[in-house]
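Enquirer: Got model27.pdb for you, PDB, C-alpha atoms (C1' of nucleotides):
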ATOM      1  CA  MET A 411     -97.317  48.220 -15.892
ATOM      2  CA  LYS A 412     -98.530  45.529 -13.562
ATOM      3  CA  ASP A 413     -95.651  43.122 -13.718
ATOM      4  CA  ASN A 414     -93.162  43.908 -16.421
ATOM      5  CA  PRO A 415     -89.861  42.274 -15.609
ATOM      6  CA  ASN A 416     -86.924  44.172 -16.941
ATOM      7  CA  PHE A 417     -86.087  41.182 -19.068
ATOM      8  CA  PHE A 418     -89.374  41.187 -20.934
ATOM      9  CA  ASN A 419     -89.268  44.943 -21.281
ATOM     10  CA  ASP A 420     -85.797  44.790 -22.790
ATOM     11  CA  VAL A 421     -86.938  42.166 -25.252
ATOM     12  CA  TYR A 422     -89.764  44.381 -26.425
ATOM     13  CA  GLU A 423     -87.423  47.320 -26.860
ATOM     14  CA  VAL A 424     -84.917  45.362 -28.899
ATOM     15  CA  VAL A 425     -87.611  43.903 -31.137
ATOM     16  CA  ARG A 426     -89.000  47.387 -31.672
ATOM     17  CA  LEU A 427     -85.524  48.428 -32.813
ATOM     18  CA  VAL A 428     -85.559  45.890 -35.599
ATOM     19  CA  PRO A 429     -85.484  47.891 -38.832
ATOM     20  CA  HIS A 430     -88.155  47.529 -41.469
ATOM     21  CA  GLY A 431     -87.437  44.665 -43.822
ATOM     22  CA  LYS A 432     -85.123  42.947 -41.363
ATOM     23  CA  VAL A 433     -85.482  39.950 -39.092
ATOM     24  CA  THR A 434     -83.729  38.615 -36.041
ATOM     25  CA  SER A 435     -83.725  35.520 -33.882
ATOM     26  CA  TYR A 436     -84.692  34.816 -30.294
ATOM     27  CA  GLY A 437     -81.183  33.733 -29.511
ATOM     28  CA  ALA A 438     -79.736  36.968 -30.913
ATOM     29  CA  ILE A 439     -81.956  38.979 -28.605
ATOM     30  CA  ALA A 440     -81.242  36.696 -25.686
ATOM     31  CA  ASN A 441     -77.556  36.944 -26.382
ATOM     32  CA  TYR A 442     -77.795  40.732 -26.530
ATOM     33  CA  LEU A 443     -79.485  40.685 -23.143
ATOM     34  CA  GLY A 444     -76.852  38.321 -21.829
ATOM     35  CA  VAL A 445     -79.169  35.340 -21.487
ATOM     36  CA  ARG A 446     -78.288  33.282 -24.525
ATOM     37  CA  ARG A 447     -79.471  30.120 -22.829
ATOM     38  CA  SER A 448     -82.820  31.639 -21.970
ATOM     39  CA  ALA A 449     -83.816  32.086 -25.604
ATOM     40  CA  ARG A 450     -87.048  30.321 -24.665
ATOM     41  CA  MET A 451     -87.950  33.154 -22.379
ATOM     42  CA  VAL A 452     -87.621  35.552 -25.296
ATOM     43  CA  GLY A 453     -90.174  33.552 -27.193
ATOM     44  CA  TRP A 454     -92.350  33.348 -24.098
ATOM     45  CA  ALA A 455     -92.043  37.100 -23.703
ATOM     46  CA  MET A 456     -93.273  37.526 -27.253
ATOM     47  CA  ASN A 457     -96.337  35.604 -26.264
ATOM     48  CA  GLY A 458     -97.291  38.532 -24.059
ATOM     49  CA  ALA A 459     -95.761  41.206 -26.245
ATOM     50  CA  PRO A 460     -97.967  44.176 -27.163
ATOM     51  CA  GLN A 461     -98.770  44.899 -30.780
ATOM     52  CA  ASP A 462     -96.174  47.645 -30.625
ATOM     53  CA  VAL A 463     -93.662  44.876 -30.967
ATOM     54  CA  PRO A 464     -93.124  43.517 -34.491
ATOM     55  CA  ALA A 465     -92.914  39.944 -33.321
ATOM     56  CA  HIS A 466     -93.248  38.807 -36.915
ATOM     57  CA  ARG A 467     -89.657  39.936 -37.433
ATOM     58  CA  VAL A 468     -88.470  37.533 -34.772
ATOM     59  CA  LEU A 469     -87.762  33.995 -35.919
ATOM     60  CA  ASN A 470     -85.795  31.065 -34.651
ATOM     61  CA  ARG A 471     -82.166  30.564 -35.559
ATOM     62  CA  ASN A 472     -83.118  28.638 -38.680
ATOM     63  CA  GLY A 473     -85.192  31.533 -39.979
ATOM     64  CA  LEU A 474     -88.284  29.431 -39.446
ATOM     65  CA  LEU A 475     -91.560  31.137 -38.588
ATOM     66  CA  THR A 476     -91.943  29.227 -35.380
ATOM     67  CA  GLY A 477     -94.418  31.562 -33.728
ATOM     68  CA  LYS A 478     -96.643  32.137 -36.695
ATOM     69  CA  ASN A 479     -99.330  30.228 -34.883
ATOM     70  CA  ALA A 480     -99.437  32.910 -32.189
ATOM     71  CA  PHE A 481    -100.586  35.577 -34.622
ATOM     72  CA  SER A 482    -104.144  36.387 -35.589
ATOM     73  CA  THR A 483    -103.698  33.935 -38.418
ATOM     74  CA  PRO A 484    -100.804  31.533 -39.031
ATOM     75  CA  THR A 485    -100.346  33.134 -42.413
ATOM     76  CA  LEU A 486    -100.283  36.709 -41.187
ATOM     77  CA  MET A 487     -96.658  36.424 -40.174
ATOM     78  CA  GLN A 488     -95.546  35.355 -43.605
ATOM     79  CA  GLU A 489     -97.725  37.990 -45.222
ATOM     80  CA  LEU A 490     -96.155  40.729 -43.149
ATOM     81  CA  LEU A 491     -92.638  39.544 -43.887
ATOM     82  CA  GLU A 492     -93.310  39.331 -47.608
ATOM     83  CA  LYS A 493     -94.850  42.774 -47.445
ATOM     84  CA  GLU A 494     -91.587  44.092 -46.064
ATOM     85  CA  GLY A 495     -89.656  42.637 -48.964
ATOM     86  CA  ILE A 496     -88.664  39.395 -47.300
ATOM     87  CA  GLN A 497     -89.249  36.212 -49.244
ATOM     88  CA  VAL A 498     -90.713  33.376 -47.237
ATOM     89  CA  LYS A 499     -90.722  29.812 -48.477
ATOM     90  CA  ASN A 500     -92.216  26.921 -46.590
ATOM     91  CA  ASP A 501     -92.561  29.046 -43.454
ATOM     92  CA  GLN A 502     -88.887  29.857 -43.724
ATOM     93  CA  VAL A 503     -87.157  33.102 -44.647
ATOM     94  CA  VAL A 504     -85.200  33.047 -47.888
ATOM     95  CA  ASN A 505     -81.768  34.648 -47.847
ATOM     96  CA  LEU A 506     -82.013  34.793 -44.087
ATOM     97  CA  LYS A 507     -78.434  35.937 -43.821
ATOM     98  CA  GLN A 508     -79.274  38.869 -46.043
ATOM     99  CA  HIS A 509     -82.205  39.986 -43.932
ATOM    100  CA  PHE A 510     -80.795  38.948 -40.593
ATOM    101  CA  TRP A 511     -80.388  41.744 -38.088
ATOM    102  CA  ASP A 512     -78.291  41.046 -35.048
ATOM    103  CA  PRO A 513     -78.605  43.631 -32.240
ATOM    104  CA  THR A 514     -75.256  42.591 -30.876
ATOM    105  CA  THR A 515     -73.712  43.465 -34.215
ATOM    106  CA  GLU A 516     -75.858  46.438 -35.166
ATOM    107  CA  ILE A 517     -76.367  47.983 -31.771
ATOM    108  CA  GLY A 518     -73.659  46.092 -29.975
ATOM    109  CA  LEU A 519     -71.165  48.742 -29.121
TER     110      LEU A 519
ATOM    111  C1'  DG B 664     -96.928  22.378  -4.840
ATOM    112  C1'  DG B 665     -94.705  18.969  -8.092
ATOM    113  C1'  DT B 666     -94.713  18.038 -13.048
ATOM    114  C1'  DC B 667     -94.965  19.163 -17.982
ATOM    115  C1'  DT B 668     -94.564  21.914 -21.726
ATOM    116  C1'  DG B 669     -93.054  25.678 -24.512
ATOM    117  C1'  DA B 670     -92.534  31.400 -30.291
ATOM    118  C1'  DC B 671     -84.965  28.305 -28.423
ATOM    119  C1'  DT B 672     -80.113  27.110 -28.805
ATOM    120  C1'  DA B 673     -75.825  24.751 -28.422
ATOM    121  C1'  DA B 674     -73.363  20.836 -27.553
ATOM    122  C1'  DA B 675     -73.056  15.862 -27.563
ATOM    123  C1'  DT B 676     -73.958  11.422 -29.726
TER     124       DT B 676
ATOM    125  C1'  DG C1399     -74.834  15.556 -40.770
ATOM    126  C1'  DA C1400     -79.218  14.358 -38.428
ATOM    127  C1'  DT C1401     -81.062  13.187 -34.008
ATOM    128  C1'  DT C1402     -80.988  13.565 -28.908
ATOM    129  C1'  DT C1403     -79.857  15.696 -24.485
ATOM    130  C1'  DA C1404     -79.392  19.292 -21.553
ATOM    131  C1'  DG C1405     -80.089  24.085 -19.829
ATOM    132  C1'  DC C1406     -83.157  28.134 -18.951
ATOM    133  C1'  DC C1407     -87.419  29.961 -16.589
ATOM    134  C1'  DA C1408     -92.216  30.905 -16.424
ATOM    135  C1'  DG C1409     -97.054  29.572 -16.814
ATOM    136  C1'  DA C1410    -100.686  25.894 -16.843
ATOM    137  C1'  DC C1411    -102.693  21.580 -14.838
TER     138       DC C1411
END
Go through the file and emit its structure as structure tokens.

Expert:
Amino acid sequence: MKDNPNFFNDVYEVVRLVPHGKVTSYGAIANYLGVRRSARMVGWAMNGAPQDVPAHRVLNRNGLLTGKNAFSTPTLMQELLEKEGIQVKNDQVVNLKQHFWDPTTEIGL
DNA sequence: GGTCTGACTAAAT
DNA sequence: GATTTAGCCAGAC
């Protein structure tokens, strides 16, 4: 595309790899890409992520729906997560550890 | 073109 | 253990 840095592209790919009914964190993706400290960039990348990317499965390390405001509606994110079998309470994922999906652990070879 | 802020995280206080 | 500081980099003013 016009200007797709490898970093952003990698982020999109990893997020697309997130299985249905699972969630991950920006830091986990950043860590998988080797830029743990640049977790912010992952979030920023999501801001320009295509709809092919299930950004609603990406939360902060606390399991909080930080970027819900970036969706069509701030409630859409929670709706989607609940639809996938993930319980969300107070904009936060319940049993986060149970639904957490770490690419470094799952894909990490 | 310098400054501020932001879908974050970890370490320090 | 909760709050603050620092680090990262890119876009907006």

Enquirer: Only residues of chain C matter here; which ones have an atom within 8 Å of chain A, counting only C-alpha atoms (C1' of nucleotides)? Give them as a PyMOL selection string.

Expert: chain C and resi 1405-1408

Enquirer: What would the selection look like, as a PyMOL selection string, if the PyMOL selection byres ((chain B) within 10 of (chain A)) were run on the coordinates I just shared?

Expert: chain B and resi 669-673

Enquirer: Compile the contact shell of DT1403 (chain C) as a list in words: residues with an atom at most 12 Å away, counting all atoms listed in the file, same-chain residues fewer than 4 positions apart removed.

Expert: DA673, DA674, DA675 and DT676 of chain B

Enquirer: Any idea what the distance is between C1' of DT1402 (chain C) and CA of Asp501 (chain A)?

Expert: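 The value is 24.2 Å.
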
Enquirer: With the file shown as input, list the residues that the PyMOL selection byres ((chain A and resi 498) around 12) selects, as a list in words.

Expert: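 Taken over the shown coordinates, the PyMOL selection byres ((chain A and resi 498) around 12) returns Val433, His466, Arg467, Leu469, Gly473, Leu474, Leu475, Thr485, Leu486, Met487, Gln488, Glu489, Leu490, Leu491, Glu492, Lys493, Glu494, Gly495, Ile496, Gln497, Lys499, Asn500, Asp501, Gln502, Val503, Val504, Asn505, Leu506 and His509 of chain A.
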
Enquirer: Which residues come within 10 Å of Ile517 (chain A), counting all atoms listed in the file, excluding same-chain residues fewer than 6 positions away, as a ChimeraX atom specification?

Expert: /A:424,427,442,511

Enquirer: Give the answer as one residue: which of A:Gln508, A:Asn416, A:Thr514, A:Thr483 has the shortest atom-to-atom distance to Gly431 (chain A), using only C-alpha atoms?

Expert: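 Between A:Gln508, A:Asn416, A:Thr514, A:Thr483, the residue approaching Gly431 (chain A) most closely is A:Gln508.
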
Enquirer: To one decimal place in Å, what is the distance between C1' of DT668 (chain B) and C1' of DC1411 (chain C)?

Expert: 10.7 Å

Enquirer: Mind giving me the straight-line distance from CA of Lys507 (chain A) to C1' of DG1399 (chain C) in Å, one decimal?

Expert: 20.9 Å

Enquirer: Report as an MDAnalysis selection string all protein, DNA and RNA residues lying within 12 Å of Asn419 (chain A), evaluated on only C-alpha atoms (C1' of nucleotides), omitting residues in the same chain fewer than 3 positions from it.

Expert: chainID A and resid 411 413:416 422:426 439 443 451:452 455:456 458:460 462:463

Enquirer: Put a box with edges along x, y and z around all the listed atoms of chain C, pad it by 3 Å on each side, then give me its centre and sizes in Å, one decimal, as JSON.

Expert:
{"center_x": -88.8, "center_y": 22.0, "center_z": -27.8, "size_x": 33.9, "size_y": 23.7, "size_z": 31.9}
